[in-house]
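One file, coords_21.txt, is given below (compact mmCIF, C-alpha atoms).
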# COMPACT_ATOMS: atom_id res chain seq x y z
CA MET A 12 113.10 160.72 -23.12
CA PHE A 13 115.88 160.31 -25.67
CA ASP A 14 118.64 162.90 -25.32
CA TYR A 15 119.06 164.17 -28.88
CA ALA A 16 121.53 166.88 -27.82
CA ALA A 17 123.85 164.28 -26.30
CA ALA A 18 123.50 162.10 -29.41
CA ARG A 19 124.34 165.10 -31.60
CA GLN A 20 127.51 165.80 -29.64
CA HIS A 21 128.47 162.13 -29.80
CA MET A 22 128.00 162.25 -33.59
CA ILE A 23 130.39 165.20 -33.79
CA ASP A 24 132.98 163.57 -31.56
CA SER A 25 132.87 160.05 -33.01
CA GLN A 26 131.93 160.52 -36.68
CA ILE A 27 133.09 163.99 -37.69
CA ARG A 28 136.15 164.93 -35.64
CA THR A 29 137.61 161.43 -36.03
CA ASN A 30 137.52 161.85 -39.81
CA ASP A 31 139.76 164.92 -39.74
CA VAL A 32 137.01 167.54 -39.92
CA THR A 33 138.20 170.19 -37.49
CA ASN A 34 136.85 173.45 -38.97
CA PRO A 35 135.18 175.17 -35.97
CA ALA A 36 132.42 176.67 -38.14
CA ILE A 37 131.46 173.25 -39.52
CA LEU A 38 131.43 171.68 -36.07
CA ALA A 39 129.32 174.55 -34.74
CA ALA A 40 126.83 174.19 -37.61
CA PHE A 41 126.37 170.46 -36.92
CA ARG A 42 125.98 171.19 -33.22
CA ALA A 43 123.34 173.89 -33.84
CA ILE A 44 120.99 171.96 -36.13
CA SER A 45 118.65 169.25 -34.84
CA ARG A 46 119.12 166.50 -37.40
CA GLU A 47 116.13 164.54 -36.10
CA VAL A 48 113.75 167.32 -37.18
CA PHE A 49 114.62 166.73 -40.84
CA VAL A 50 114.09 162.97 -41.02
CA PRO A 51 110.81 161.02 -41.03
CA VAL A 52 109.39 160.31 -37.58
CA THR A 53 109.69 156.57 -38.21
CA LYS A 54 113.45 156.95 -38.73
CA ARG A 55 114.33 159.34 -35.93
CA ALA A 56 116.08 156.58 -34.02
CA LEU A 57 118.65 156.62 -36.84
CA SER A 58 119.12 160.39 -36.79
CA TYR A 59 122.65 160.34 -35.38
CA SER A 60 123.77 156.95 -36.68
CA ASP A 61 126.63 156.58 -39.14
CA VAL A 62 124.27 155.88 -42.04
CA HIS A 63 122.59 157.61 -44.96
CA ILE A 64 118.91 158.16 -44.10
CA GLU A 65 116.31 158.07 -46.87
CA THR A 66 113.84 160.90 -46.30
CA ASP A 67 111.84 160.59 -49.51
CA GLU A 68 112.10 158.65 -52.74
CA GLY A 69 115.48 159.56 -54.21
CA ARG A 70 116.44 161.85 -51.32
CA PHE A 71 118.79 161.11 -48.44
CA VAL A 72 120.41 162.85 -45.51
CA MET A 73 124.06 161.96 -46.06
CA ARG A 74 125.86 160.25 -43.21
CA PRO A 75 127.70 162.79 -41.06
CA ARG A 76 131.20 161.65 -42.01
CA ASP A 77 130.65 162.15 -45.76
CA PHE A 78 128.66 165.38 -45.55
CA SER A 79 131.04 167.08 -43.12
CA LYS A 80 134.09 166.15 -45.21
CA LEU A 81 132.31 167.39 -48.34
CA LEU A 82 131.67 170.75 -46.66
CA GLU A 83 135.29 171.04 -45.57
CA ALA A 84 136.43 170.34 -49.14
CA ALA A 85 134.14 173.12 -50.40
CA ASP A 86 136.02 175.71 -48.29
CA ILE A 87 132.86 177.78 -47.67
CA MET A 88 133.35 181.41 -46.66
CA PRO A 89 130.94 183.50 -44.50
CA THR A 90 130.27 185.82 -47.48
CA ASP A 91 129.47 183.02 -49.96
CA ILE A 92 126.19 182.44 -51.78
CA VAL A 93 125.54 178.68 -51.95
CA LEU A 94 123.31 176.52 -54.14
CA ASP A 95 122.16 173.31 -52.41
CA ILE A 96 121.06 170.91 -55.15
CA ALA A 97 118.41 168.28 -54.28
CA CYS A 98 118.15 169.55 -50.70
CA GLY A 99 115.32 167.15 -49.77
CA ARG A 100 113.76 168.13 -46.43
CA GLY A 101 116.35 170.86 -45.92
CA TYR A 102 118.88 169.43 -43.45
CA SER A 103 121.82 170.20 -45.75
CA THR A 104 120.44 173.69 -46.33
CA ALA A 105 120.15 174.26 -42.58
CA ILE A 106 123.77 173.21 -42.01
CA LEU A 107 124.97 175.38 -44.89
CA SER A 108 123.08 178.37 -43.51
CA GLY A 109 125.50 178.47 -40.60
CA LEU A 110 128.53 178.62 -42.89
CA CYS A 111 127.67 181.23 -45.52
CA ASP A 112 125.73 184.40 -46.26
CA THR A 113 122.82 182.92 -48.24
CA VAL A 114 121.68 179.44 -49.27
CA VAL A 115 119.35 178.59 -52.14
CA GLY A 116 117.96 175.06 -51.83
CA LEU A 117 116.76 173.47 -55.08
CA GLU A 118 114.02 170.86 -55.32
CA ASP A 119 111.91 169.52 -58.17
CA SER A 120 108.40 169.45 -56.68
CA GLU A 121 106.12 171.84 -54.88
CA ASP A 122 105.60 169.34 -52.06
CA ARG A 123 109.33 169.05 -51.40
CA VAL A 124 109.81 172.80 -51.55
CA ASN A 125 106.96 173.39 -49.09
CA GLN A 126 108.13 170.71 -46.67
CA ALA A 127 111.74 171.97 -46.63
CA THR A 128 110.58 175.57 -46.24
CA GLU A 129 108.37 174.64 -43.28
CA LEU A 130 111.15 172.73 -41.50
CA LEU A 131 113.68 175.51 -42.08
CA THR A 132 111.22 178.05 -40.68
CA LYS A 133 110.63 175.87 -37.61
CA SER A 134 114.41 175.76 -37.14
CA SER A 135 114.58 179.58 -37.25
CA ILE A 136 116.73 179.62 -40.41
CA THR A 137 116.46 183.11 -41.92
CA ASN A 138 119.18 183.18 -44.61
CA ALA A 139 117.90 180.31 -46.77
CA ALA A 140 115.17 179.83 -49.35
CA VAL A 141 114.08 176.70 -51.21
CA VAL A 142 113.00 177.06 -54.83
CA LYS A 143 111.41 174.71 -57.34
CA GLY A 144 113.21 173.84 -60.54
CA ASP A 145 114.67 171.13 -62.72
CA ILE A 146 117.58 169.50 -60.88
CA LYS A 147 119.74 169.24 -64.02
CA SER A 148 119.18 172.91 -64.85
CA GLY A 149 120.24 174.33 -61.48
CA ALA A 150 118.97 177.76 -60.45
CA ARG A 151 120.60 180.19 -62.84
CA GLU A 152 118.22 183.03 -62.00
CA HIS A 153 119.51 183.04 -58.40
CA GLY A 154 123.22 182.82 -59.24
CA PRO A 155 126.05 183.00 -59.84
CA PHE A 156 127.09 180.94 -56.83
CA ASN A 157 130.32 180.83 -54.90
CA VAL A 158 129.65 177.22 -53.90
CA ILE A 159 127.38 174.49 -55.28
CA VAL A 160 126.73 171.38 -53.17
CA VAL A 161 125.19 168.23 -54.68
CA ASN A 162 123.21 165.92 -52.38
CA GLY A 163 123.75 162.51 -53.94
CA SER A 164 126.27 160.82 -56.16
CA VAL A 165 126.21 161.52 -59.89
CA PRO A 166 127.94 159.91 -62.89
CA HIS A 167 128.91 163.33 -64.26
CA VAL A 168 128.48 167.03 -63.54
CA PRO A 169 126.28 168.90 -66.05
CA THR A 170 127.78 171.97 -67.69
CA THR A 171 124.63 173.82 -66.61
CA TRP A 172 125.82 173.55 -63.01
CA LEU A 173 129.39 174.57 -63.76
CA ASP A 174 128.15 177.55 -65.79
CA GLN A 175 126.48 178.89 -62.62
CA LEU A 176 129.73 179.11 -60.65
CA ALA A 177 131.09 182.57 -59.96
CA ASN A 178 134.75 183.23 -60.68
CA GLY A 179 136.65 181.42 -57.93
CA GLY A 180 133.58 179.31 -57.17
CA ARG A 181 133.62 175.65 -56.16
CA LEU A 182 131.25 172.79 -56.90
CA VAL A 183 131.49 169.66 -54.74
CA ALA A 184 129.93 166.37 -55.81
CA VAL A 185 130.50 162.65 -55.40
CA LEU A 186 131.23 161.19 -58.84
CA GLN A 187 130.38 157.51 -59.00
CA ASN A 188 130.59 155.26 -62.05
CA GLY A 189 131.57 152.09 -60.21
CA PRO A 190 131.75 150.69 -56.68
CA ILE A 191 133.82 153.59 -55.33
CA GLY A 192 132.64 157.22 -55.42
CA ARG A 193 135.11 160.08 -55.41
CA THR A 194 134.22 163.41 -53.89
CA THR A 195 135.46 165.90 -56.45
CA VAL A 196 135.92 169.65 -56.17
CA PHE A 197 135.42 171.61 -59.39
CA SER A 198 136.81 175.18 -59.35
CA ARG A 199 136.24 178.04 -61.76
CA SER A 200 139.03 180.42 -62.72
CA GLY A 201 137.84 182.72 -65.49
CA ASP A 202 136.64 180.44 -68.29
CA ALA A 203 138.61 177.44 -67.05
CA ILE A 204 137.32 174.66 -64.80
CA GLY A 205 139.78 172.67 -62.72
CA GLU A 206 139.05 169.59 -60.64
CA ARG A 207 140.61 167.57 -57.86
CA VAL A 208 139.59 164.50 -55.89
CA ALA A 209 139.18 165.22 -52.18
CA PHE A 210 138.27 161.80 -50.73
CA ASP A 211 136.49 158.53 -51.51
CA ALA A 212 132.87 158.08 -50.48
CA SER A 213 129.91 155.86 -51.24
CA VAL A 214 126.77 158.01 -51.40
CA PRO A 215 123.28 157.14 -52.69
CA ALA A 216 122.71 158.17 -56.30
CA LEU A 217 120.78 161.28 -57.29
CA PRO A 218 118.11 159.81 -59.63
CA SER A 219 117.86 162.93 -61.79
CA LEU A 220 121.41 162.39 -63.07
CA ILE A 221 121.39 158.63 -63.62
CA ARG A 222 121.96 157.92 -67.28
CA ALA A 223 119.30 155.85 -68.99
CA PRO A 224 120.58 152.46 -70.27
CA GLU A 225 121.84 152.47 -73.85
CA PHE A 226 120.73 149.69 -76.18
CA SER A 227 122.36 148.46 -79.33
CA PHE A 228 120.83 146.26 -81.98
If you took the structure in this file and wrote it as structure tokens, what would it be?
Amino acid sequence: MFDYAAARQHMIDSQIRTNDVTNPAILAAFRAISREVFVPVTKRALSYSDVHIETDEGRFVMRPRDFSKLLEAADIMPTDIVLDIACGRGYSTAILSGLCDTVVGLEDSEDRVNQATELLTKSSITNAAVVKGDIKSGAREHGPFNVIVVNGSVPHVPTTWLDQLANGGRLVAVLQNGPIGRTTVFSRSGDAIGERVAFDASVPALPSLIRAPEFSF
């Protein structure tokens, strides 16, 4: 029988720690959550590989290196309320649940919401809920949020997301308009939004935010 626990520890030691992620809470969260539970059965052999795993059309579990560094850049506090945009089957939500007070996962279909909810329940996650809504619109009725995490690269960050940040809140997303994506942290201070690039990453695109081609005649 495959030893998933050993593979999980190897992932932490070889893919996360070696990329300068040393926050004990983040390491503990990755150690506590069974990644293989949140990927399709046919792809479980890839669960702890250094790859992005497609779980559904337009949804991926980010490779451990990128997701762990993104979480470290977000500087999540135990008292934070977090919005997890395009949470897919709920792996990112499960990891976040170990870092903050409450997580709201956002998905755009009833099937995705139900599947993520079922998997989170099976994993004994009690401080997270997955809601249905338009990805671009966020989840204003459940905010404001101290942290917003975006699962997938986007060409831009909608103002609707930034408007849902609490004062002092952070939004982390991979902005990609070319071959290289840049993980960017947006921070709210009063009415002002600041931003800084944390690290480079190549992450699959979030289809909901891909701009339609423009035609000229």
Set out as a Markdown table a contact list for region 120-187 of chain A and region 80-92 of chain A with a cut-off of 12 Å, giving each residue of region 120-187 of chain A that qualifies its closest atom pair and distance in Å to one decimal, counting all atoms listed in the file, ordered by chain and rising residue number.
| residue | atom | partner | partner_atom | distance |
| --- | --- | --- | --- | --- |
| A:Asn138 | CA | A:Ile92 | CA | 10.1 |
| A:Ala139 | CA | A:Ile92 | CA | 9.9 |
| A:Ala140 | CA | A:Ile92 | CA | 11.6 |
| A:His153 | CA | A:Ile92 | CA | 9.4 |
| A:Gly154 | CA | A:Ile92 | CA | 8.0 |
| A:Pro155 | CA | A:Ile92 | CA | 8.1 |
| A:Phe156 | CA | A:Ile92 | CA | 5.3 |
| A:Asn157 | CA | A:Ile92 | CA | 5.4 |
| A:Val158 | CA | A:Ile92 | CA | 6.6 |
| A:Ile159 | CA | A:Ala85 | CA | 8.4 |
| A:Val160 | CA | A:Ala85 | CA | 8.1 |
| A:Val161 | CA | A:Leu81 | CA | 9.6 |
| A:Asn162 | CA | A:Leu81 | CA | 10.1 |
| A:Gly163 | CA | A:Leu81 | CA | 11.3 |
| A:Ser164 | CA | A:Leu81 | CA | 11.9 |
| A:Gln175 | CA | A:Ile92 | CA | 11.4 |
| A:Leu176 | CA | A:Ile92 | CA | 10.1 |
| A:Ala177 | CA | A:Ile92 | CA | 9.5 |
| A:Asn178 | CA | A:Asp91 | CA | 12.0 |
| A:Gly179 | CA | A:Asp91 | CA | 10.8 |
| A:Gly180 | CA | A:Asp91 | CA | 9.1 |
| A:Arg181 | CA | A:Ala85 | CA | 6.3 |
| A:Leu182 | CA | A:Ala85 | CA | 7.1 |
| A:Val183 | CA | A:Ala85 | CA | 6.2 |
| A:Ala184 | CA | A:Leu81 | CA | 7.9 |
| A:Val185 | CA | A:Leu81 | CA | 8.7 |
query = CA of Gly201 (chain A) and CA of His167 (chain A) are how many Å apart?
reply =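 For CA of Gly201 (chain A) relative to CA of His167 (chain A), the distance reads 21.4 Å.
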ask   = When you draw a straight line from CA of Glu206 (chain A) to CA of Thr171 (chain A), how long is it in Å?
value = 16.2 Å
Separation of CA of Cys111 (chain A) from CA of Asp77 (chain A), in Å and rounded to one decimal = 19.3 Å
A:Arg46, A:Lys143, A:Arg76, A:Arg55 ranked by distance to Asp119 (chain A), top pick (using only C-alpha atoms) = A:Lys143
9 Å contact set for Ala216 (chain A), all atoms listed in the file, chain neighbours under 4 positions out, as a list in words =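 Listed by chain and then number, they are Gly69, Arg70, Asn162, Gly163, Ser164, Val165, Pro166, Gln187, Leu220 and Ile221 of chain A.
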Would you output that residue set with C-alpha atoms, as a JSON list (two decimals), keeping the file's coordinate frame?
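Listing of result-v2.json after writing:
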[["chain", "number", "residue", "atom", "x", "y", "z"],
["A", 69, "GLY", "CA", 115.48, 159.56, -54.21],
["A", 70, "ARG", "CA", 116.44, 161.85, -51.32],
["A", 162, "ASN", "CA", 123.21, 165.92, -52.38],
["A", 163, "GLY", "CA", 123.75, 162.51, -53.94],
["A", 164, "SER", "CA", 126.27, 160.82, -56.16],
["A", 165, "VAL", "CA", 126.21, 161.52, -59.89],
["A", 166, "PRO", "CA", 127.94, 159.91, -62.89],
["A", 187, "GLN", "CA", 130.38, 157.51, -59.00],
["A", 220, "LEU", "CA", 121.41, 162.39, -63.07],
["A", 221, "ILE", "CA", 121.39, 158.63, -63.62]]
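Using all atoms listed in the file, the protein and nucleic acid residues lying at most 8 Å from the point (108.2, 176.9, -48.8) are A:Val124, A:Asn125, A:Gln126, A:Ala127, A:Thr128, A:Glu129, A:Ala140, A:Val141, A:Val142.
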message = Which polymer residues, whether protein, DNA or RNA, lie within 9 Å of the coordinate (130.4, 161.2, -44.6) when you count all atoms listed in the file? List them as an NGL selection string, using the chain letters and numbers from the file.
response = :A and (26-27 or 30 or 61-63 or 73-81 or 212-214)
